[in-house]
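For reference, run_13.tsv (TSV, C-alpha atoms):
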chain	number	residue	atom	x	y	z
J	214	MET	CA	-45.85	22.46	-24.10
J	215	ASN	CA	-44.20	24.66	-26.68
J	216	ARG	CA	-41.36	23.64	-28.96
J	217	ALA	CA	-38.64	25.61	-27.07
J	218	VAL	CA	-39.48	23.86	-23.79
J	219	LYS	CA	-39.40	20.44	-25.48
J	220	ILE	CA	-35.98	21.23	-26.99
J	221	GLY	CA	-34.71	22.44	-23.60
J	222	ILE	CA	-35.86	19.23	-21.89
J	223	GLY	CA	-34.28	17.14	-24.65
J	224	VAL	CA	-30.97	18.98	-24.42
J	225	THR	CA	-30.93	18.63	-20.60
J	226	ALA	CA	-31.72	14.91	-20.77
J	227	GLY	CA	-29.02	14.43	-23.40
J	228	ALA	CA	-26.45	16.25	-21.26
J	229	VAL	CA	-27.32	14.11	-18.24
J	230	LEU	CA	-26.95	10.95	-20.33
J	231	VAL	CA	-23.55	12.05	-21.70
J	232	ALA	CA	-22.35	12.91	-18.17
J	233	ALA	CA	-23.40	9.47	-16.88
J	234	VAL	CA	-21.57	7.73	-19.73
J	235	VAL	CA	-18.40	9.78	-19.09
J	236	VAL	CA	-18.50	8.99	-15.36
J	237	GLY	CA	-18.94	5.29	-16.15
J	238	ILE	CA	-16.00	5.28	-18.56
J	239	VAL	CA	-13.75	7.09	-16.07
J	240	ALA	CA	-14.69	4.53	-13.40
J	241	LEU	CA	-13.73	1.68	-15.74
J	242	VAL	CA	-10.44	3.28	-16.83
J	243	THR	CA	-9.29	4.56	-13.42
J	244	PRO	CA	-7.64	1.70	-11.51
J	245	SER	CA	-8.77	1.17	-7.96
J	246	THR	CA	-6.22	1.47	-5.19
J	247	THR	CA	-5.76	-0.01	-1.75
J	248	THR	CA	-3.63	0.59	1.31
J	249	LEU	CA	-1.19	-2.12	2.33
J	250	THR	CA	-0.91	-2.30	6.12
J	251	GLY	CA	1.21	-4.51	8.29
J	252	SER	CA	4.07	-4.83	10.70
J	253	LEU	CA	7.65	-6.05	10.92
J	254	THR	CA	8.75	-7.59	14.21
J	255	VAL	CA	12.51	-7.75	14.85
J	256	SER	CA	13.87	-10.29	17.34
J	257	SER	CA	16.22	-7.87	19.05
J	258	GLY	CA	13.94	-5.84	21.27
J	259	CYS	CA	13.55	-2.10	20.81
J	260	ALA	CA	17.14	-0.89	21.07
J	261	THR	CA	17.94	2.27	19.17
J	262	GLY	CA	20.89	3.56	17.20
J	263	ALA	CA	24.04	1.48	17.58
J	264	GLY	CA	22.15	-1.23	19.50
J	265	LEU	CA	20.30	-2.33	16.39
J	266	GLY	CA	23.37	-1.85	14.19
J	267	GLU	CA	25.42	-4.25	16.32
J	268	ARG	CA	22.69	-6.88	15.82
J	269	GLY	CA	22.60	-6.43	12.05
J	270	TYR	CA	19.42	-4.35	11.92
J	271	ALA	CA	20.79	-0.83	11.38
J	272	ASP	CA	18.48	-0.43	8.37
J	273	ILE	CA	15.34	-1.10	10.46
J	274	TYR	CA	14.21	2.08	12.19
J	275	ARG	CA	11.34	4.58	12.36
J	276	GLY	CA	11.16	6.17	8.91
J	277	ALA	CA	12.85	3.32	7.01
J	278	ALA	CA	11.30	2.81	3.55
J	279	VAL	CA	8.66	0.19	2.84
J	280	THR	CA	8.56	-0.20	-0.95
J	281	VAL	CA	5.89	-2.04	-2.95
J	282	TYR	CA	6.61	-3.31	-6.48
J	283	ASP	CA	4.16	-4.62	-9.07
J	284	ASN	CA	4.60	-7.81	-11.13
J	285	ARG	CA	6.82	-5.92	-13.62
J	286	GLY	CA	9.16	-4.72	-10.88
J	287	ALA	CA	7.96	-1.11	-11.02
J	288	VAL	CA	7.61	0.79	-7.75
J	289	VAL	CA	3.88	1.32	-7.11
J	290	GLY	CA	3.97	2.58	-3.52
J	291	ILE	CA	6.30	3.79	-0.80
J	292	GLY	CA	5.58	4.04	2.92
J	293	GLU	CA	7.70	3.98	6.04
J	294	LEU	CA	8.07	2.17	9.33
J	295	GLU	CA	6.48	3.80	12.36
J	296	SER	CA	8.16	3.90	15.77
J	297	GLY	CA	8.89	0.45	17.16
J	298	THR	CA	7.04	-0.84	20.20
J	299	PHE	CA	7.91	-3.83	22.34
J	300	ASP	CA	5.85	-6.92	21.47
J	301	SER	CA	5.78	-9.13	24.55
J	302	ALA	CA	4.27	-12.09	22.66
J	303	MET	CA	7.16	-12.15	20.18
J	304	PHE	CA	9.70	-10.67	22.61
J	305	GLY	CA	10.80	-8.28	19.90
J	306	CYS	CA	10.30	-4.82	18.49
J	307	ARG	CA	7.23	-4.36	16.28
J	308	TYR	CA	7.22	-1.64	13.60
J	309	LYS	CA	3.86	-0.94	11.97
J	310	PHE	CA	3.63	0.46	8.43
J	311	SER	CA	1.16	1.44	5.74
J	312	VAL	CA	1.58	2.13	2.05
J	313	ALA	CA	-1.31	4.11	0.55
J	314	GLU	CA	-2.69	4.17	-2.99
J	315	VAL	CA	-1.21	0.88	-4.20
J	316	PRO	CA	-2.95	-0.06	-7.47
J	317	ALA	CA	-5.20	-3.04	-6.79
J	318	GLY	CA	-5.87	-5.98	-9.10
J	319	GLY	CA	-2.33	-7.19	-9.81
J	320	ASP	CA	-1.46	-10.88	-9.91
J	321	PHE	CA	1.34	-10.43	-7.41
J	322	TYR	CA	3.35	-7.75	-5.63
J	323	GLN	CA	6.68	-7.59	-3.82
J	324	VAL	CA	7.42	-5.73	-0.59
J	325	GLN	CA	10.88	-4.63	0.50
J	326	ILE	CA	11.76	-3.17	3.90
J	327	GLY	CA	15.21	-1.87	4.69
J	328	ARG	CA	18.29	-2.57	2.63
J	329	GLU	CA	18.07	-4.35	-0.71
J	330	ALA	CA	20.17	-7.30	0.49
J	331	ARG	CA	17.26	-8.37	2.74
J	332	GLY	CA	15.30	-9.25	-0.37
J	333	LYS	CA	11.61	-8.86	-1.12
J	334	ARG	CA	8.54	-10.67	0.13
J	335	THR	CA	6.21	-11.78	-2.68
J	336	LEU	CA	2.45	-11.45	-2.15
J	337	GLN	CA	-0.41	-12.78	-4.22
J	338	GLY	CA	-2.77	-10.01	-5.35
J	339	GLU	CA	-5.49	-10.87	-2.83
J	340	GLU	CA	-2.97	-10.75	0.05
J	341	LEU	CA	-2.66	-7.01	-0.47
J	342	GLU	CA	-6.06	-6.59	1.18
J	343	ARG	CA	-5.00	-8.20	4.49
J	344	PRO	CA	-2.48	-6.92	7.07
J	345	LEU	CA	0.99	-8.28	6.34
J	346	GLU	CA	2.82	-9.70	9.37
J	347	LEU	CA	6.58	-10.06	8.85
J	348	SER	CA	9.38	-11.00	11.22
J	349	LEU	CA	13.14	-10.73	11.11
J	350	GLY	CA	15.69	-12.73	13.10
J	351	TYR	CA	13.42	-15.49	14.41

Mind turning this structure into structure tokens?
Amino acid sequence: MNRAVKIGIGVTAGAVLVAAVVVGIVALVTPSTTTLTGSLTVSSGCATGAGLGERGYADIYRGAAVTVYDNRGAVVGIGELESGTFDSAMFGCRYKFSVAEVPAGGDFYQVQIGREARGKRTLQGEELERPLELSLGY
């Protein structure tokens, strides 16, 4: 094997090693994310418009914001409620939701649905990996 071939092999091997190190560093620095899924069941059936407003749930509707906060109070994800469907087991209206790309690994998170006065539900970090089942008015 001549000297030029040996140098070429060495340069190629070195480039592969550098690329592997860079990929490993990026994997360590880039936080992993998860998708929070769940549902909110409201005790008032699936009325629409004024029907929900009269029952105090005017802020709960298809498209209403589902906001996820980290342990510092910073918004880390926003999703929305899907169309409500009647839940015969709960005799209420069930709205599913998902919030994508929430940074994983936090100690705790808070989830808010609808108006701010409803407050936030606090979750431990590991709870973010399981579907969240909430109810309102029961």

From the set J:Gly258, J:Gly286, J:Gly269, J:Gly350, which residue has the shortest atom-to-atom contact distance to Gln323 in chain J, counting only C-alpha atoms?
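The closest residue to Gln323 in chain J is J:Gly286.
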
For a quick check of understanding, using all atoms listed in the file, which of J:Arg285, J:Leu294, J:Tyr351, J:Arg275 has the smallest distance to Ser257 in chain J?
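Ranked by minimum distance to Ser257 in chain J, first place goes to J:Tyr351.
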
Counting all atoms listed in the file, which residues come within 12 Å of (5.9, -2.4, -1.3), with the point read in the file's coordinates, and could you list them as a ChimeraX atom specification?
/J:247-251,278-284,286-294,310-316,321-327,332-336,341,345

I want to know what sits within 10 Å of Ser348 in chain J, based on only C-alpha atoms, with residues of the same chain fewer than 5 positions away left out; could you give that as a list in words?
Ser252, Leu253, Thr254, Val255, Ser256, Met303, Gly305, Cys306, Arg307 and Tyr308 of chain J

Just the selected residues (C-alpha atoms), exported as a CSV table (one decimal), in the frame of the given file, please.
chain,number,residue,atom,x,y,z
J,252,SER,CA,4.1,-4.8,10.7
J,253,LEU,CA,7.6,-6.0,10.9
J,254,THR,CA,8.8,-7.6,14.2
J,255,VAL,CA,12.5,-7.8,14.8
J,256,SER,CA,13.9,-10.3,17.3
J,303,MET,CA,7.2,-12.2,20.2
J,305,GLY,CA,10.8,-8.3,19.9
J,306,CYS,CA,10.3,-4.8,18.5
J,307,ARG,CA,7.2,-4.4,16.3
J,308,TYR,CA,7.2,-1.6,13.6

Which residues are near Tyr274 in chain J? Cut-off 8 Å, only C-alpha atoms, ignore same chain within fewer than 3 positions. Put them as a VMD selection string.
chain J and resid 261 271 277 294 to 297

Option closest in space to Tyr270 in chain J, from J:Ala330, J:Asp300, J:Gly338, J:Pro344 [counting all atoms listed in the file]:
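Under the stated criterion, the closest residue is J:Ala330.
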
What box, with edges along x, y and z, holds each listed atom of range 301-311 of chain J when 8 Å is added on every side, and can you state its centre and edge lengths in Å to one decimal, as AutoDock Vina command-line options?
--center_x 6.0 --center_y -5.4 --center_z 15.1 --size_x 25.6 --size_y 29.6 --size_z 34.8

Any idea what the distance is between CA of Glu340 in chain J and CA of Ser301 in chain J?
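Straight-line distance from CA of Glu340 in chain J to CA of Ser301 in chain J works out to 26.1 Å.
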
Interatomic distance between CA of Glu346 in chain J and CA of Cys259 in chain J?
17.4 Å

In Å to one decimal, how far is CA of Arg328 in chain J from CA of Thr246 in chain J?
26.0 Å

Compare J:Gln337, J:Phe304, J:Thr298, J:Leu349 by their minimum atom-to-atom distance to Ala317 in chain J, counting all atoms listed in the file, and give me the closest one.
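Smallest distance to Ala317 in chain J is found for J:Gln337.
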